[in-house]
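Student: Could you have a look at this structure, given as structure tokens, before my questions?
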Amino acid sequence: GGMQRSFRFFFRGTGYDEKMVRELEGLEASGSTYVCTLCDSTRAEASKNMVLHSITRSHCENLERYEIWRKNPFSESADELRDRVKGVSAKPFMETQPTLDALHCDIGNATEFYKIFQDEIGEVFLKSNPSREERRRWRSALDKQLRKKLKLKPVMRMNGNFARRLMTREAVEAVCELVPSEERREALLKLMDLYFQMKPVWRSSFPARDCPDQFCRYSYNSQQFADLLSTTF
């Protein structure tokens, strides 16, 4: 309302690559039974419990576990020792902040846009309460189009490869072919264009150096993006 506002952005290393975190923190490679870089869950435990997790790993604890792995003070067998150190197998040499890694940022964003694409195909903004069958038809139409145009097979649960392919200009143009309204097509293309301009900033460790133009426009772009989402979508 005419009031002066100022914004400050603090960029932390939030978009870590999982392989890099495992290397820096001395953890086993990504095929490990110990599937998480933030907690001690095994694959079996994680598959039974998809929700209730908390961040329990820390750099200090990884260092302590490495010393146990190296010295084996309790004279345990290899399996017992591995269970004790929960997947630590090398000396951690740099601390990482416990945050969402780059892969899961991509997966989270793609999951939301996958829903938006379906809604735009079905013109959900004209309907008050679409039925489950209608929503199923919209999803089927989207999946067929992505398979036809991008050779992208439908997935039960969003994964990294699907997410990366979905969040491209090629995919958005394919989706727009199914959106009936010209006005909505333009709005969707504008929304995605803002997304493509912002993405290099949060994917970079040093955005001011790596993508200075997008970095300077980030504040403006993010406000435009939020406005478009909250009004048009």
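Labels used: A, B, ... for chains in the order of the structure tokens, numbers from 1 for residues in each chain, and numbers from 1 for ligands as shown.
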Would you give me, as CSV, each residue of segment 10-125 of chain A having an atom within 10 Å of an atom of segment 185-197 of chain A, along with its shortest atom pair and that distance in Å to one decimal, using only C-alpha atoms and sorting by chain and residue number?

Tutor:
residue,atom,partner,partner_atom,distance
A:Asn109,CA,A:Tyr195,CA,9.8
A:Phe113,CA,A:Met192,CA,9.4
A:Ile116,CA,A:Leu188,CA,9.1
A:Phe117,CA,A:Leu188,CA,8.6
A:Glu120,CA,A:Arg185,CA,8.5
A:Ile121,CA,A:Arg185,CA,9.8

Student: Can I get the residues of segment 24-51 of chain A within 8 Å of segment 75-93 of chain A, each with the closest pair of atoms and their distance in Å to one decimal, using only C-alpha atoms, sorted chain first then ascending number, as a Markdown table?

Tutor:
| residue | atom | partner | partner_atom | distance |
| --- | --- | --- | --- | --- |
| A:Leu24 | CA | A:Pro92 | CA | 5.6 |
| A:Glu25 | CA | A:Pro92 | CA | 4.1 |
| A:Gly26 | CA | A:Pro92 | CA | 4.3 |
| A:Leu27 | CA | A:Val88 | CA | 4.4 |
| A:Glu28 | CA | A:Gly87 | CA | 5.5 |
| A:Ser32 | CA | A:Gly87 | CA | 7.3 |
| A:Thr33 | CA | A:Gly87 | CA | 7.7 |
| A:Tyr34 | CA | A:Gly87 | CA | 5.7 |
| A:Asp40 | CA | A:Lys86 | CA | 6.1 |

Student: Would you list, as number ranges by chain, the residues of segment 12-218 of chain A that end up in strand (DSSP E or B) under DSSP run on this structure's backbone?

Tutor: A: 27, 34, 42, 88

Student: When you count only C-alpha atoms, which of these residues is closest to Leu229 of chain A: A:Ala208, A:Arg43, A:Lys199, A:Glu112?

Tutor: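 Of A:Ala208, A:Arg43, A:Lys199, A:Glu112, the one nearest Leu229 of chain A is A:Glu112, counting only C-alpha atoms.
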
Student: Considering only C-alpha atoms, return as a count of residues only whatever protein or nucleic-acid residues lie within 8 Å of segment 214-221 of chain A, sequence-local ones (same chain, fewer than 2 positions apart) excluded.

Tutor: 13

Student: I'd like the interatomic distance between atom CA of Arg169 of chain A and atom CA of Arg184 of chain A, to a tenth of an Å.

Tutor: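 Taking atom CA of Arg169 of chain A as the start and atom CA of Arg184 of chain A as the end point, the length is 16.1 Å.
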
Student: Using only C-alpha atoms, which protein or nucleic acid residues come within 12 Å of Lys115 of chain A? Drop anything in the same chain fewer than 4 positions from it, and give the result as a list in words.

Tutor: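 Answer for this query is Gly108, Asn109, Ala110, Thr111, Asp119, Glu120, Ile121, Gly122, Val124, Arg135, Arg136, Trp138, Arg139, Leu142, Asp143, Met158, Leu166, Val175 and Phe233 of chain A.
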
Student: Using only C-alpha atoms, find the one residue out of A:Glu170, A:Glu134, A:Asp227, A:Asp210 that sits nearest to Lys151 of chain A.

Tutor: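 Going through A:Glu170, A:Glu134, A:Asp227, A:Asp210 one by one, the smallest distance to Lys151 of chain A is for A:Glu170.
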
Student: Can you work out which one of A:Cys60, A:Cys105, A:Leu146, A:Ile68 has the shortest atom-to-atom distance to Cys176 of chain A, counting only C-alpha atoms?

Tutor: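 The closest residue to Cys176 of chain A is A:Leu146.
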
Student: Atom CA of Leu150 of chain A and atom CA of Glu183 of chain A are how many Å apart?

Tutor: 24.3 Å

Student: To one decimal place, how far is atom CA of Tyr16 of chain A from atom CA of Arg157 of chain A in Å?

Tutor: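 Answer for the atom CA of Tyr16 of chain A to atom CA of Arg157 of chain A separation: 21.8 Å.
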
Student: Apply DSSP to the structure's backbone, then extract all residues of segment 76-158 of chain A labelled helix (DSSP H, G or I) and return them as a PyMOL selection string.

Tutor: chain A and resi 78-85+102-121+124-126+132-150

Student: Any chance you could export the current selection's N, CA and C atoms as a compact mmCIF listing (two decimals), in the first residue's frame?

Tutor:
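This went into part35.txt:
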# COMPACT_ATOMS: atom_id res chain seq x y z
N ALA A 78 32.27 -57.70 11.28
CA ALA A 78 32.07 -56.63 10.29
C ALA A 78 30.61 -56.16 10.26
N ASP A 79 29.67 -57.12 10.32
CA ASP A 79 28.25 -56.76 10.26
C ASP A 79 27.81 -56.00 11.51
N GLU A 80 28.29 -56.47 12.69
CA GLU A 80 27.94 -55.80 13.94
C GLU A 80 28.51 -54.38 13.99
N LEU A 81 29.74 -54.27 13.50
CA LEU A 81 30.41 -52.96 13.50
C LEU A 81 29.68 -52.00 12.56
N ARG A 82 29.29 -52.51 11.41
CA ARG A 82 28.60 -51.66 10.43
C ARG A 82 27.25 -51.20 10.99
N ASP A 83 26.59 -52.10 11.70
CA ASP A 83 25.31 -51.73 12.32
C ASP A 83 25.51 -50.66 13.39
N ARG A 84 26.62 -50.72 14.09
CA ARG A 84 26.89 -49.75 15.16
C ARG A 84 27.16 -48.36 14.58
N VAL A 85 27.88 -48.29 13.47
CA VAL A 85 28.26 -46.96 12.94
C VAL A 85 27.25 -46.43 11.91
N ALA A 102 19.31 -31.29 -3.33
CA ALA A 102 18.87 -30.75 -4.62
C ALA A 102 17.87 -31.66 -5.31
N LEU A 103 18.10 -32.96 -5.23
CA LEU A 103 17.20 -33.93 -5.88
C LEU A 103 15.78 -33.81 -5.34
N HIS A 104 15.65 -33.72 -4.00
CA HIS A 104 14.32 -33.68 -3.41
C HIS A 104 13.66 -32.31 -3.58
N CYS A 105 14.45 -31.25 -3.76
CA CYS A 105 13.87 -29.96 -4.17
C CYS A 105 13.18 -30.13 -5.52
N ASP A 106 13.89 -30.76 -6.45
CA ASP A 106 13.33 -30.99 -7.80
C ASP A 106 12.08 -31.85 -7.73
N ILE A 107 12.13 -32.92 -6.94
CA ILE A 107 10.99 -33.84 -6.83
C ILE A 107 9.77 -33.13 -6.24
N GLY A 108 10.00 -32.33 -5.17
CA GLY A 108 8.90 -31.60 -4.53
C GLY A 108 8.25 -30.60 -5.49
N ASN A 109 9.08 -29.85 -6.24
CA ASN A 109 8.54 -28.88 -7.19
C ASN A 109 7.77 -29.57 -8.31
N ALA A 110 8.35 -30.64 -8.85
CA ALA A 110 7.71 -31.36 -9.96
C ALA A 110 6.38 -31.97 -9.53
N THR A 111 6.31 -32.45 -8.29
CA THR A 111 5.05 -33.04 -7.78
C THR A 111 3.94 -32.00 -7.80
N GLU A 112 4.26 -30.77 -7.37
CA GLU A 112 3.25 -29.71 -7.36
C GLU A 112 2.83 -29.33 -8.78
N PHE A 113 3.83 -29.22 -9.68
CA PHE A 113 3.50 -28.80 -11.04
C PHE A 113 2.78 -29.90 -11.82
N TYR A 114 3.03 -31.15 -11.48
CA TYR A 114 2.31 -32.26 -12.08
C TYR A 114 0.81 -32.12 -11.79
N LYS A 115 0.48 -31.68 -10.56
CA LYS A 115 -0.93 -31.43 -10.19
C LYS A 115 -1.48 -30.22 -10.94
N ILE A 116 -0.68 -29.15 -11.01
CA ILE A 116 -1.13 -27.94 -11.71
C ILE A 116 -1.41 -28.25 -13.18
N PHE A 117 -0.53 -29.03 -13.83
CA PHE A 117 -0.73 -29.38 -15.24
C PHE A 117 -2.06 -30.12 -15.44
N GLN A 118 -2.34 -31.06 -14.54
CA GLN A 118 -3.61 -31.81 -14.63
C GLN A 118 -4.80 -30.86 -14.47
N ASP A 119 -4.70 -29.96 -13.50
CA ASP A 119 -5.80 -29.01 -13.24
C ASP A 119 -6.06 -28.10 -14.44
N GLU A 120 -4.98 -27.70 -15.11
CA GLU A 120 -5.14 -26.82 -16.27
C GLU A 120 -5.74 -27.57 -17.46
N ILE A 121 -5.36 -28.82 -17.63
CA ILE A 121 -5.94 -29.63 -18.71
C ILE A 121 -7.45 -29.80 -18.50
N VAL A 124 -9.86 -26.79 -14.09
CA VAL A 124 -10.42 -26.92 -12.74
C VAL A 124 -10.94 -25.58 -12.20
N PHE A 125 -10.43 -24.47 -12.73
CA PHE A 125 -10.87 -23.15 -12.25
C PHE A 125 -12.34 -22.88 -12.59
N LEU A 126 -12.92 -23.67 -13.51
CA LEU A 126 -14.33 -23.50 -13.86
C LEU A 126 -15.25 -24.41 -13.05
N ARG A 132 -13.63 -37.68 -8.72
CA ARG A 132 -12.40 -38.47 -8.82
C ARG A 132 -12.19 -38.99 -10.24
N GLU A 133 -13.30 -39.36 -10.91
CA GLU A 133 -13.20 -39.87 -12.29
C GLU A 133 -12.68 -38.79 -13.23
N GLU A 134 -13.18 -37.55 -13.03
CA GLU A 134 -12.68 -36.45 -13.87
C GLU A 134 -11.18 -36.25 -13.68
N ARG A 135 -10.77 -36.22 -12.42
CA ARG A 135 -9.35 -36.03 -12.13
C ARG A 135 -8.51 -37.16 -12.74
N ARG A 136 -9.04 -38.38 -12.69
CA ARG A 136 -8.34 -39.52 -13.27
C ARG A 136 -8.18 -39.34 -14.79
N ARG A 137 -9.22 -38.82 -15.43
CA ARG A 137 -9.15 -38.57 -16.89
C ARG A 137 -8.09 -37.53 -17.22
N TRP A 138 -8.05 -36.47 -16.40
CA TRP A 138 -7.05 -35.42 -16.66
C TRP A 138 -5.63 -35.98 -16.53
N ARG A 139 -5.42 -36.78 -15.49
CA ARG A 139 -4.09 -37.37 -15.29
C ARG A 139 -3.72 -38.30 -16.44
N SER A 140 -4.69 -39.08 -16.88
CA SER A 140 -4.46 -40.00 -18.00
C SER A 140 -4.09 -39.24 -19.26
N ALA A 141 -4.79 -38.13 -19.52
CA ALA A 141 -4.50 -37.30 -20.69
C ALA A 141 -3.08 -36.73 -20.62
N LEU A 142 -2.69 -36.25 -19.42
CA LEU A 142 -1.34 -35.71 -19.23
C LEU A 142 -0.29 -36.79 -19.45
N ASP A 143 -0.50 -37.96 -18.86
CA ASP A 143 0.47 -39.06 -19.00
C ASP A 143 0.63 -39.47 -20.46
N LYS A 144 -0.49 -39.55 -21.20
CA LYS A 144 -0.42 -39.94 -22.62
C LYS A 144 0.37 -38.92 -23.43
N GLN A 145 0.12 -37.64 -23.15
CA GLN A 145 0.81 -36.56 -23.87
C GLN A 145 2.31 -36.58 -23.59
N LEU A 146 2.68 -36.79 -22.32
CA LEU A 146 4.10 -36.82 -21.95
C LEU A 146 4.80 -38.03 -22.58
N ARG A 147 4.07 -39.15 -22.64
CA ARG A 147 4.65 -40.35 -23.27
C ARG A 147 4.84 -40.12 -24.78
N LYS A 148 3.84 -39.48 -25.38
CA LYS A 148 3.87 -39.26 -26.83
C LYS A 148 4.94 -38.25 -27.24
N LYS A 149 5.00 -37.13 -26.52
CA LYS A 149 5.89 -36.03 -26.91
C LYS A 149 7.31 -36.16 -26.35
N LEU A 150 7.44 -36.72 -25.14
CA LEU A 150 8.75 -36.75 -24.48
C LEU A 150 9.26 -38.16 -24.23
